[in-house]
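Shown next: input-v9.pdb, containing PDB, C-alpha atoms.
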ATOM      1  CA  MET R   1     125.968 171.545 129.373
ATOM      2  CA  ALA R   2     126.345 171.323 133.126
ATOM      3  CA  GLY R   3     124.031 173.663 135.007
ATOM      4  CA  LEU R   4     121.533 174.309 132.201
ATOM      5  CA  PHE R   5     118.803 172.319 133.938
ATOM      6  CA  ASP R   6     119.773 172.597 137.606
ATOM      7  CA  ASN R   7     117.523 175.510 138.556
ATOM      8  CA  GLN R   8     114.361 173.899 137.181
ATOM      9  CA  ALA R   9     115.112 170.351 138.362
ATOM     10  CA  ALA R  10     112.276 170.355 140.906
ATOM     11  CA  ILE R  11     109.579 170.974 138.265
ATOM     12  CA  TYR R  12     111.260 168.973 135.503
ATOM     13  CA  VAL R  13     110.013 165.645 136.846
ATOM     14  CA  ASP R  14     106.395 166.906 136.865
ATOM     15  CA  VAL R  15     106.253 168.434 133.412
ATOM     16  CA  ARG R  16     108.543 166.404 131.178
ATOM     17  CA  PRO R  17     106.641 163.498 129.601
ATOM     18  CA  ARG R  18     107.148 159.791 130.115
ATOM     19  CA  TYR R  19     107.631 158.052 126.798
ATOM     20  CA  PRO R  20     105.240 155.490 125.248
ATOM     21  CA  SER R  21     105.837 151.884 126.334
ATOM     22  CA  GLU R  22     105.615 150.692 122.738
ATOM     23  CA  TRP R  23     108.787 152.645 121.893
ATOM     24  CA  PHE R  24     110.750 150.644 124.437
ATOM     25  CA  SER R  25     109.160 147.401 123.272
ATOM     26  CA  MET R  26     110.275 148.227 119.734
ATOM     27  CA  LEU R  27     113.855 148.955 120.799
ATOM     28  CA  ALA R  28     114.008 145.901 123.056
ATOM     29  CA  SER R  29     112.900 143.702 120.163
ATOM     30  CA  LEU R  30     116.058 144.756 118.308
ATOM     31  CA  THR R  31     118.518 143.482 120.947
ATOM     32  CA  PRO R  32     119.000 139.725 121.430
ATOM     33  CA  ASP R  33     120.218 140.243 125.010
ATOM     34  CA  HIS R  34     118.449 142.184 127.755
ATOM     35  CA  SER R  35     120.933 142.250 130.604
ATOM     36  CA  LEU R  36     122.127 145.853 130.725
ATOM     37  CA  ALA R  37     120.992 149.196 129.349
ATOM     38  CA  TRP R  38     122.488 152.660 129.731
ATOM     39  CA  ASP R  39     120.254 155.743 129.715
ATOM     40  CA  VAL R  40     122.444 158.804 129.193
ATOM     41  CA  GLY R  41     121.417 162.330 130.185
ATOM     42  CA  THR R  42     118.630 160.665 132.122
ATOM     43  CA  GLY R  43     117.319 163.811 133.823
ATOM     44  CA  ASN R  44     114.776 162.403 136.270
ATOM     45  CA  GLY R  45     114.680 158.991 134.571
ATOM     46  CA  GLN R  46     111.755 159.641 132.220
ATOM     47  CA  ALA R  47     113.184 157.143 129.717
ATOM     48  CA  ALA R  48     115.117 154.951 132.153
ATOM     49  CA  VAL R  49     111.992 153.637 133.882
ATOM     50  CA  GLY R  50     110.552 152.633 130.510
ATOM     51  CA  VAL R  51     113.755 150.889 129.472
ATOM     52  CA  ALA R  52     113.748 149.022 132.794
ATOM     53  CA  GLU R  53     110.594 147.154 131.808
ATOM     54  CA  HIS R  54     112.693 145.221 129.303
ATOM     55  CA  TYR R  55     116.213 145.023 130.776
ATOM     56  CA  LYS R  56     117.460 143.416 133.978
ATOM     57  CA  GLN R  57     119.480 146.493 134.930
ATOM     58  CA  VAL R  58     119.528 150.086 133.729
ATOM     59  CA  ILE R  59     122.376 152.434 134.575
ATOM     60  CA  ALA R  60     120.994 155.973 134.278
ATOM     61  CA  THR R  61     123.578 158.764 134.255
ATOM     62  CA  ASP R  62     123.483 162.538 134.293
ATOM     63  CA  ILE R  63     125.933 165.372 134.850
ATOM     64  CA  SER R  64     123.341 167.209 136.970
ATOM     65  CA  GLU R  65     123.178 166.178 140.615
ATOM     66  CA  GLU R  66     120.071 168.332 141.034
ATOM     67  CA  GLN R  67     118.202 166.395 138.340
ATOM     68  CA  LEU R  68     119.167 163.082 139.923
ATOM     69  CA  LYS R  69     117.879 164.236 143.329
ATOM     70  CA  HIS R  70     114.411 164.200 141.775
ATOM     71  CA  ALA R  71     114.810 160.920 139.864
ATOM     72  CA  ILE R  72     111.911 158.493 139.602
ATOM     73  CA  PRO R  73     112.631 155.426 141.790
ATOM     74  CA  HIS R  74     112.692 152.015 140.111
ATOM     75  CA  PRO R  75     114.201 148.803 141.504
ATOM     76  CA  GLN R  76     116.069 148.036 138.273
ATOM     77  CA  VAL R  77     117.392 151.556 137.665
ATOM     78  CA  HIS R  78     120.710 152.599 139.200
ATOM     79  CA  TYR R  79     121.204 156.358 138.999
ATOM     80  CA  LEU R  80     124.769 157.653 138.774
ATOM     81  CA  HIS R  81     126.168 161.165 138.764
ATOM     82  CA  THR R  82     128.837 161.440 136.059
ATOM     83  CA  PRO R  83     130.591 164.813 136.359
ATOM     84  CA  LEU R  84     132.189 166.333 133.291
ATOM     85  CA  MET R  85     135.681 165.647 134.608
ATOM     86  CA  ILE R  86     135.158 161.866 134.701
ATOM     87  CA  SER R  87     137.568 160.147 132.327
ATOM     88  CA  ASP R  88     136.426 157.955 129.467
ATOM     89  CA  ASP R  89     138.051 154.908 131.040
ATOM     90  CA  GLU R  90     136.356 155.570 134.387
ATOM     91  CA  LEU R  91     132.978 155.846 132.697
ATOM     92  CA  VAL R  92     133.509 152.670 130.677
ATOM     93  CA  HIS R  93     134.449 150.867 133.899
ATOM     94  CA  LEU R  94     131.273 152.114 135.659
ATOM     95  CA  LEU R  95     129.230 150.697 132.792
ATOM     96  CA  GLY R  96     130.745 147.226 133.106
ATOM     97  CA  GLY R  97     133.558 147.516 130.608
ATOM     98  CA  GLU R  98     133.746 147.369 126.851
ATOM     99  CA  ASN R  99     131.226 145.369 124.841
ATOM    100  CA  SER R 100     128.854 145.131 127.808
ATOM    101  CA  VAL R 101     125.729 147.236 127.120
ATOM    102  CA  ASP R 102     122.773 145.867 125.157
ATOM    103  CA  LEU R 103     120.884 149.138 124.669
ATOM    104  CA  ILE R 104     121.958 152.768 124.979
ATOM    105  CA  THR R 105     119.254 155.438 125.010
ATOM    106  CA  VAL R 106     119.448 159.224 125.002
ATOM    107  CA  ALA R 107     116.059 160.918 125.309
ATOM    108  CA  SER R 108     115.913 164.579 124.296
ATOM    109  CA  ALA R 109     119.494 165.183 125.363
ATOM    110  CA  VAL R 110     122.116 164.077 122.836
ATOM    111  CA  HIS R 111     122.118 167.514 121.186
ATOM    112  CA  TRP R 112     123.730 168.854 124.381
ATOM    113  CA  PHE R 113     126.610 166.365 124.230
ATOM    114  CA  ASP R 114     130.139 166.675 122.937
ATOM    115  CA  LEU R 115     129.576 164.110 120.201
ATOM    116  CA  GLU R 116     133.261 163.738 119.354
ATOM    117  CA  LYS R 117     133.800 162.568 122.926
ATOM    118  CA  PHE R 118     130.527 160.682 123.432
ATOM    119  CA  TYR R 119     130.275 158.566 120.278
ATOM    120  CA  PRO R 120     133.605 156.762 120.817
ATOM    121  CA  ILE R 121     132.397 155.777 124.314
ATOM    122  CA  VAL R 122     129.177 154.431 122.800
ATOM    123  CA  LYS R 123     131.200 152.347 120.378
ATOM    124  CA  ARG R 124     133.365 150.998 123.208
ATOM    125  CA  VAL R 125     130.620 149.886 125.589
ATOM    126  CA  LEU R 126     127.905 148.794 123.154
ATOM    127  CA  ARG R 127     127.691 145.036 122.727
ATOM    128  CA  LYS R 128     128.993 143.874 119.340
ATOM    129  CA  PRO R 129     127.179 142.335 117.666
ATOM    130  CA  GLY R 130     123.642 142.893 118.932
ATOM    131  CA  GLY R 131     123.823 146.209 120.794
ATOM    132  CA  ILE R 132     121.548 149.081 119.793
ATOM    133  CA  PHE R 133     121.982 152.832 120.276
ATOM    134  CA  ALA R 134     118.868 155.046 120.112
ATOM    135  CA  VAL R 135     118.364 158.793 120.411
ATOM    136  CA  TRP R 136     115.251 160.906 120.096
ATOM    137  CA  CYS R 137     113.868 164.363 120.742
ATOM    138  CA  TYR R 138     110.560 166.121 120.559
ATOM    139  CA  SER R 139     110.449 169.330 118.570
ATOM    140  CA  GLY R 140     107.176 171.203 118.677
ATOM    141  CA  PHE R 141     103.665 170.812 120.025
ATOM    142  CA  LYS R 142     100.356 170.334 118.304
ATOM    143  CA  PHE R 143      97.244 171.522 120.185
ATOM    144  CA  SER R 144      94.966 173.424 117.817
ATOM    145  CA  PRO R 145      95.684 175.822 114.942
ATOM    146  CA  GLU R 146      94.970 178.917 117.068
ATOM    147  CA  ILE R 147      97.131 177.818 119.981
ATOM    148  CA  ASP R 148      99.895 176.425 117.759
ATOM    149  CA  VAL R 149     100.354 179.751 115.942
ATOM    150  CA  LEU R 150     100.498 181.667 119.225
ATOM    151  CA  LEU R 151     102.967 179.240 120.792
ATOM    152  CA  ALA R 152     105.176 179.445 117.713
ATOM    153  CA  VAL R 153     105.313 183.240 118.038
ATOM    154  CA  HIS R 154     106.289 183.070 121.691
ATOM    155  CA  PHE R 155     108.752 180.236 121.131
ATOM    156  CA  GLU R 156     110.580 182.368 118.569
ATOM    157  CA  ARG R 157     111.215 184.846 121.374
ATOM    158  CA  THR R 158     113.407 182.204 123.042
ATOM    159  CA  PHE R 159     115.814 181.982 120.088
ATOM    160  CA  PRO R 160     118.244 184.683 121.296
ATOM    161  CA  PHE R 161     118.599 182.725 124.541
ATOM    162  CA  GLN R 162     118.963 179.245 123.047
ATOM    163  CA  ASN R 163     122.240 177.433 123.453
ATOM    164  CA  PRO R 164     123.820 176.800 120.008
ATOM    165  CA  ASN R 165     123.721 173.052 120.664
ATOM    166  CA  PHE R 166     119.916 173.183 120.604
ATOM    167  CA  LYS R 167     119.927 173.661 116.830
ATOM    168  CA  HIS R 168     119.899 169.895 116.208
ATOM    169  CA  ALA R 169     116.648 169.598 118.162
ATOM    170  CA  LEU R 170     115.123 172.566 116.343
ATOM    171  CA  GLU R 171     116.020 170.814 113.090
ATOM    172  CA  CYS R 172     114.336 167.595 114.283
ATOM    173  CA  TYR R 173     117.659 165.688 114.379
ATOM    174  CA  LYS R 174     117.840 165.851 110.591
ATOM    175  CA  THR R 175     121.263 167.503 110.884
ATOM    176  CA  LEU R 176     122.494 165.432 113.838
ATOM    177  CA  PRO R 177     125.645 163.447 112.992
ATOM    178  CA  PHE R 178     124.806 159.769 113.541
ATOM    179  CA  PRO R 179     127.600 157.504 112.293
ATOM    180  CA  PHE R 180     125.893 154.212 113.067
ATOM    181  CA  GLU R 181     124.475 151.492 110.849
ATOM    182  CA  SER R 182     120.706 151.777 110.462
ATOM    183  CA  VAL R 183     118.494 149.111 112.024
ATOM    184  CA  GLY R 184     115.302 150.315 110.372
ATOM    185  CA  VAL R 185     114.514 153.066 112.884
ATOM    186  CA  GLY R 186     115.562 156.132 110.944
ATOM    187  CA  CYS R 187     119.064 156.851 109.677
ATOM    188  CA  GLU R 188     121.416 159.814 109.587
ATOM    189  CA  GLY R 189     119.559 162.709 107.995
ATOM    190  CA  GLN R 190     116.215 160.886 108.050
ATOM    191  CA  PRO R 191     114.922 160.286 111.583
ATOM    192  CA  LEU R 192     111.803 158.242 112.178
ATOM    193  CA  GLU R 193     108.869 160.563 112.912
ATOM    194  CA  LEU R 194     106.711 159.577 115.871
ATOM    195  CA  ASP R 195     103.776 161.180 117.667
ATOM    196  CA  MET R 196     103.469 161.164 121.436
ATOM    197  CA  GLU R 197     100.021 162.108 122.750
ATOM    198  CA  LYS R 198      99.516 163.412 126.294
ATOM    199  CA  LYS R 199      97.027 165.453 128.331
ATOM    200  CA  MET R 200      98.168 168.874 129.516
ATOM    201  CA  SER R 201      96.640 171.532 131.757
ATOM    202  CA  PHE R 202      97.307 175.227 131.317
ATOM    203  CA  GLN R 203      99.480 175.243 134.425
ATOM    204  CA  GLY R 204     101.293 172.237 132.972
ATOM    205  CA  LEU R 205     102.012 174.263 129.825
ATOM    206  CA  LEU R 206     103.448 177.143 131.833
ATOM    207  CA  LYS R 207     105.561 174.786 133.930
ATOM    208  CA  PHE R 208     106.841 173.104 130.771
ATOM    209  CA  PHE R 209     107.970 176.454 129.411
ATOM    210  CA  ARG R 210     109.657 177.271 132.714
ATOM    211  CA  SER R 211     111.547 173.970 132.495
ATOM    212  CA  LEU R 212     113.198 174.993 129.218
ATOM    213  CA  SER R 213     116.824 176.056 129.363
ATOM    214  CA  ALA R 214     116.196 179.168 127.236
ATOM    215  CA  PHE R 215     113.567 180.522 129.638
ATOM    216  CA  ASN R 216     115.982 180.197 132.527
ATOM    217  CA  THR R 217     118.835 181.722 130.539
ATOM    218  CA  ALA R 218     116.594 184.680 129.714
ATOM    219  CA  LYS R 219     115.540 185.003 133.341
ATOM    220  CA  GLY R 220     119.178 185.102 134.374
ATOM    221  CA  GLN R 221     119.629 188.043 131.992
ATOM    222  CA  GLY R 222     116.636 189.906 133.431
ATOM    223  CA  VAL R 223     114.174 188.963 130.662
ATOM    224  CA  ASP R 224     110.847 187.370 131.635
ATOM    225  CA  LEU R 225     109.551 185.390 128.664
ATOM    226  CA  LEU R 226     106.423 184.503 130.637
ATOM    227  CA  SER R 227     105.309 187.944 131.711
ATOM    228  CA  ASP R 228     101.768 188.479 133.025
ATOM    229  CA  GLU R 229     100.768 189.841 129.632
ATOM    230  CA  VAL R 230     102.048 186.750 127.830
ATOM    231  CA  VAL R 231     100.373 184.416 130.324
ATOM    232  CA  GLN R 232      97.030 186.198 129.896
ATOM    233  CA  GLU R 233      97.281 185.963 126.110
ATOM    234  CA  LEU R 234      98.083 182.250 126.286
ATOM    235  CA  GLU R 235      95.306 181.607 128.802
ATOM    236  CA  SER R 236      92.736 183.301 126.580
ATOM    237  CA  ALA R 237      93.728 181.156 123.587
ATOM    238  CA  TRP R 238      93.808 178.068 125.785
ATOM    239  CA  GLY R 239      90.189 178.584 126.829
ATOM    240  CA  GLY R 240      90.719 179.219 130.523
ATOM    241  CA  PRO R 241      92.933 177.950 133.340
ATOM    242  CA  GLU R 242      90.794 174.889 134.080
ATOM    243  CA  VAL R 243      90.834 173.482 130.539
ATOM    244  CA  VAL R 244      92.837 170.313 129.904
ATOM    245  CA  ARG R 245      93.895 169.771 126.321
ATOM    246  CA  THR R 246      95.435 166.978 124.282
ATOM    247  CA  VAL R 247      98.948 167.720 123.110
ATOM    248  CA  ILE R 248     100.853 165.846 120.429
ATOM    249  CA  TYR R 249     104.615 165.993 120.821
ATOM    250  CA  LYS R 250     106.236 165.689 117.401
ATOM    251  CA  THR R 251     109.124 163.325 118.049
ATOM    252  CA  TYR R 252     112.109 162.202 115.961
ATOM    253  CA  MET R 253     114.136 159.033 116.576
ATOM    254  CA  LEU R 254     117.347 157.492 115.269
ATOM    255  CA  ALA R 255     118.591 154.032 116.174
ATOM    256  CA  GLY R 256     121.604 152.134 114.957
ATOM    257  CA  LYS R 257     124.368 149.682 115.701
ATOM    258  CA  VAL R 258     128.128 149.895 115.563
ATOM    259  CA  LYS R 259     129.493 149.393 112.067
ATOM    260  CA  LEU R 260     131.736 146.326 112.101
TER     261      LEU R 260
END
Would you mind writing the structure in this file as structure tokens?
Amino acid sequence: MAGLFDNQAAIYVDVRPRYPSEWFSMLASLTPDHSLAWDVGTGNGQAAVGVAEHYKQVIATDISEEQLKHAIPHPQVHYLHTPLMISDDELVHLLGGENSVDLITVASAVHWFDLEKFYPIVKRVLRKPGGIFAVWCYSGFKFSPEIDVLLAVHFERTFPFQNPNFKHALECYKTLPFPFESVGVGCEGQPLELDMEKKMSFQGLLKFFRSLSAFNTAKGQGVDLLSDEVVQELESAWGGPEVVRTVIYKTYMLAGKVKL
């Protein structure tokens, strides 16, 4: 999915949420070793910096150089650009070889991946036994009934511009293939449901929408999904441009280990 998030990389770091520290504590408690973690599709490192609180080193990779230019600095996080043409063996070598990674995380990104190519790499580099692989995504907001209904209507307008790979996120990872042994954090077909609560301004909401791949795809086709009319309608429901609201991101997580 190279290029889908390049144009909005500069605002991505400001509007995409950091994840709760307790999630990383939970995942870290499942791995006996805490030497090396790999955060895949890291974007700006929103998950990598949380993982780094529990692991000595985090290798955070992305196919987008633009996203990595805006990555969040952290002394234990090493950001690496991994272009699509990199071979599996090269990638495994960059990660320290087979059976070397204690935790692999993919935050709101695995639905973009070529799973037939990615999962075998996971199985090669994940430490056995003891290594854990975790993926999650957020699918939908909760503000208030009035705002939620309006957002749902406008979000439906993005569907013609959604990449087909996004369907797994829309379906809350319930249809995501996940051929790994459950460790008590969801399982294939039944992800663990989590809530992530944040504060959001109206400008933050608009920037979040502009960070979505579908909005940029539509824009490239001459369709403005955030026209002045739409913005005014959203602002009225929001209660004004100065209002800050609490948003609950409905999040879905799967974690597992390699089946031996």
Report as a Markdown table the residues of region 132-176 of chain R within 7 Å of region 211-223 of chain R, each with its shortest atom pair and distance in Å (one decimal), using all atoms listed in the file, ordered by chain and increasing residue number.
| residue | atom | partner | partner_atom | distance |
| --- | --- | --- | --- | --- |
| R:Thr158 | CA | R:Ala214 | CA | 5.9 |
| R:Phe161 | CA | R:Ala214 | CA | 5.1 |
| R:Gln162 | CA | R:Ala214 | CA | 5.0 |
### Message
Using all atoms listed in the file for the distances, tell me which of R:Pro75, R:His111, R:Phe141, R:Leu27 is nearest to Phe208 (chain R).
### Response
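Checking each candidate against Phe208 (chain R), we get R:Phe141 as the closest.
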*Starting from the shown file, work through the PyMOL selection byres ((chain R and resi 89-98) around 12) and note down what comes out as a count of residues only.*
41
task: Please identify all polymer residues within 12 Å of His168 (chain R), counting all atoms listed in the file, omitting same-chain residues fewer than 3 positions from it, and present them as a PyMOL selection string.
output: chain R and resi 108-113+115+135-139+162-165+171-178+189+191+252
Box for region 95-112 of chain R: with edges along x, y and z, all listed atoms inside and 3 Å added on each side, what are the centre and edge lengths in Å to one decimal, as lines of an AutoDock Vina configuration file?
center_x = 124.8
center_y = 157.0
center_z = 127.1
size_x = 23.8
size_y = 29.7
size_z = 17.9
TODO: Figure out the distance between CA of Pro17 (chain R) and CA of Leu151 (chain R), please, to one decimal in Å.
DONE: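 CA of Pro17 (chain R) lies at a distance of 18.4 Å from CA of Leu151 (chain R).
The residues caught by the PyMOL selection byres ((chain R and resi 18-26) around 7) in this file are R:Arg16, R:Pro17, R:Leu27, R:Ala28, R:Ser29, R:Leu30, R:Gln46, R:Ala47, R:Gly50, R:Val51.
Residue nearest Gln203 (chain R), chosen from R:Asp114, R:Glu235, R:Asp33, R:Asp228 and counting all atoms listed in the file: R:Glu235.
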Checklist entry - Between CA of Lys259 (chain R) and CA of Pro129 (chain R), what is the spacing in Å? => result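 If I compute the distance from CA of Pro129 (chain R) to CA of Lys259 (chain R), I get 9.3 Å.
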List as a list in words the protein and nucleic acid residues near Ala134 (chain R), meaning an atom at most 7 Å away when all atoms listed in the file are counted, but skip any in the same chain fewer than 6 places from it. Ile104, Thr105, Val106, Leu254, Ala255 and Gly256 of chain R
Would you export the selected residues with C-alpha atoms as a PDB file, in the frame of the given file, please?
ATOM      1  CA  ILE R 104     121.958 152.768 124.979  1.00  0.00           C
ATOM      2  CA  THR R 105     119.254 155.438 125.010  1.00  0.00           C
ATOM      3  CA  VAL R 106     119.448 159.224 125.002  1.00  0.00           C
ATOM      4  CA  LEU R 254     117.347 157.492 115.269  1.00  0.00           C
ATOM      5  CA  ALA R 255     118.591 154.032 116.174  1.00  0.00           C
ATOM      6  CA  GLY R 256     121.604 152.134 114.957  1.00  0.00           C
TER       7      GLY R 256
END
Legend entry - Counting all atoms listed in the file, the option among R:Leu206, R:Val149, R:Ile248, R:Ala52 closest to Leu225 (chain R):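 Closest candidate: R:Leu206.
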(request) For the structure provided, state which residues fall under the PyMOL selection byres ((chain R and resi 144) around 12), and present them as a list of chain:residue names. (result)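 Listing what the PyMOL selection byres ((chain R and resi 144) around 12) selects in the shown file: R:Phe141, R:Lys142, R:Phe143, R:Pro145, R:Glu146, R:Ile147, R:Asp148, R:Val149, R:Leu150, R:Leu151, R:Ala152, R:Ala237, R:Trp238, R:Gly239, R:Arg245, R:Thr246, R:Val247, R:Ile248.
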Can you tell me which residues surround Leu226 (chain R) at a distance of at most 10 Å, considering only C-alpha atoms, apart from same-chain residues fewer than 4 positions away, and format the answer as an mmCIF file with C-alpha atoms, keeping the file's coordinate frame?
data_model
loop_
_atom_site.group_PDB
_atom_site.id
_atom_site.type_symbol
_atom_site.label_atom_id
_atom_site.label_comp_id
_atom_site.auth_asym_id
_atom_site.auth_seq_id
_atom_site.Cartn_x
_atom_site.Cartn_y
_atom_site.Cartn_z
ATOM 1 C CA HIS R 154 106.289 183.070 121.691
ATOM 2 C CA LEU R 206 103.448 177.143 131.833
ATOM 3 C CA PHE R 209 107.970 176.454 129.411
ATOM 4 C CA ARG R 210 109.657 177.271 132.714
ATOM 5 C CA PHE R 215 113.567 180.522 129.638
ATOM 6 C CA LYS R 219 115.540 185.003 133.341
ATOM 7 C CA VAL R 230 102.048 186.750 127.830
ATOM 8 C CA VAL R 231 100.373 184.416 130.324
ATOM 9 C CA GLN R 232 97.030 186.198 129.896
ATOM 10 C CA LEU R 234 98.083 182.250 126.286
#
**Q.** Interatomic distance (Å, one decimal) between CA of Thr31 (chain R) and CA of Met253 (chain R)
**A.**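 So the two atoms, CA of Thr31 (chain R) and CA of Met253 (chain R), lie 16.7 Å apart.
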Using the atoms already present, construct N, CA and C atoms for region 137-162 of chain R and hand them back as a compact mmCIF listing (two decimals), in the frame of the given file.
# COMPACT_ATOMS: atom_id res chain seq x y z
N CYS R 137 114.23 163.08 120.15
CA CYS R 137 113.87 164.36 120.74
C CYS R 137 112.48 164.72 120.27
N TYR R 138 111.81 165.55 121.05
CA TYR R 138 110.56 166.12 120.56
C TYR R 138 110.82 167.57 120.19
N SER R 139 110.21 167.99 119.09
CA SER R 139 110.45 169.33 118.57
C SER R 139 109.12 169.91 118.10
N GLY R 140 108.44 170.56 119.02
CA GLY R 140 107.18 171.20 118.68
C GLY R 140 105.97 170.49 119.25
N PHE R 141 104.95 171.28 119.52
CA PHE R 141 103.66 170.81 120.02
C PHE R 141 102.60 170.94 118.95
N LYS R 142 101.56 170.15 119.10
CA LYS R 142 100.36 170.33 118.30
C LYS R 142 99.16 170.29 119.25
N PHE R 143 98.46 171.44 119.38
CA PHE R 143 97.24 171.52 120.18
C PHE R 143 96.05 171.77 119.28
N SER R 144 95.99 172.99 118.76
CA SER R 144 94.97 173.42 117.82
C SER R 144 95.60 174.52 116.97
N PRO R 145 95.06 174.80 115.79
CA PRO R 145 95.68 175.82 114.94
C PRO R 145 95.89 177.16 115.65
N GLU R 146 94.87 177.62 116.40
CA GLU R 146 94.97 178.92 117.07
C GLU R 146 96.08 178.92 118.11
N ILE R 147 96.11 177.89 118.93
CA ILE R 147 97.13 177.82 119.98
C ILE R 147 98.51 177.59 119.38
N ASP R 148 98.59 176.74 118.36
CA ASP R 148 99.90 176.42 117.76
C ASP R 148 100.57 177.67 117.19
N VAL R 149 99.79 178.53 116.52
CA VAL R 149 100.35 179.75 115.94
C VAL R 149 100.87 180.66 117.05
N LEU R 150 100.10 180.80 118.12
CA LEU R 150 100.50 181.67 119.22
C LEU R 150 101.74 181.13 119.92
N LEU R 151 101.79 179.83 120.16
CA LEU R 151 102.97 179.24 120.79
C LEU R 151 104.21 179.41 119.93
N ALA R 152 104.03 179.28 118.62
CA ALA R 152 105.18 179.44 117.71
C ALA R 152 105.76 180.85 117.82
N VAL R 153 104.87 181.84 117.92
CA VAL R 153 105.31 183.24 118.04
C VAL R 153 106.12 183.43 119.32
N HIS R 154 105.60 182.89 120.42
CA HIS R 154 106.29 183.07 121.69
C HIS R 154 107.57 182.22 121.77
N PHE R 155 107.55 181.06 121.11
CA PHE R 155 108.75 180.24 121.13
C PHE R 155 109.90 180.92 120.37
N GLU R 156 109.55 181.65 119.31
CA GLU R 156 110.58 182.37 118.57
C GLU R 156 111.29 183.39 119.45
N ARG R 157 110.61 183.87 120.47
CA ARG R 157 111.22 184.85 121.37
C ARG R 157 112.31 184.21 122.23
N THR R 158 112.36 182.88 122.27
CA THR R 158 113.41 182.20 123.04
C THR R 158 114.71 182.08 122.25
N PHE R 159 114.65 182.27 120.93
CA PHE R 159 115.81 181.98 120.09
C PHE R 159 117.08 182.72 120.52
N PRO R 160 117.00 184.01 120.89
CA PRO R 160 118.24 184.68 121.30
C PRO R 160 118.88 184.08 122.55
N PHE R 161 118.11 183.29 123.29
CA PHE R 161 118.60 182.72 124.54
C PHE R 161 118.88 181.22 124.44
N GLN R 162 118.72 180.67 123.24
CA GLN R 162 118.96 179.24 123.05
C GLN R 162 120.46 178.97 122.98
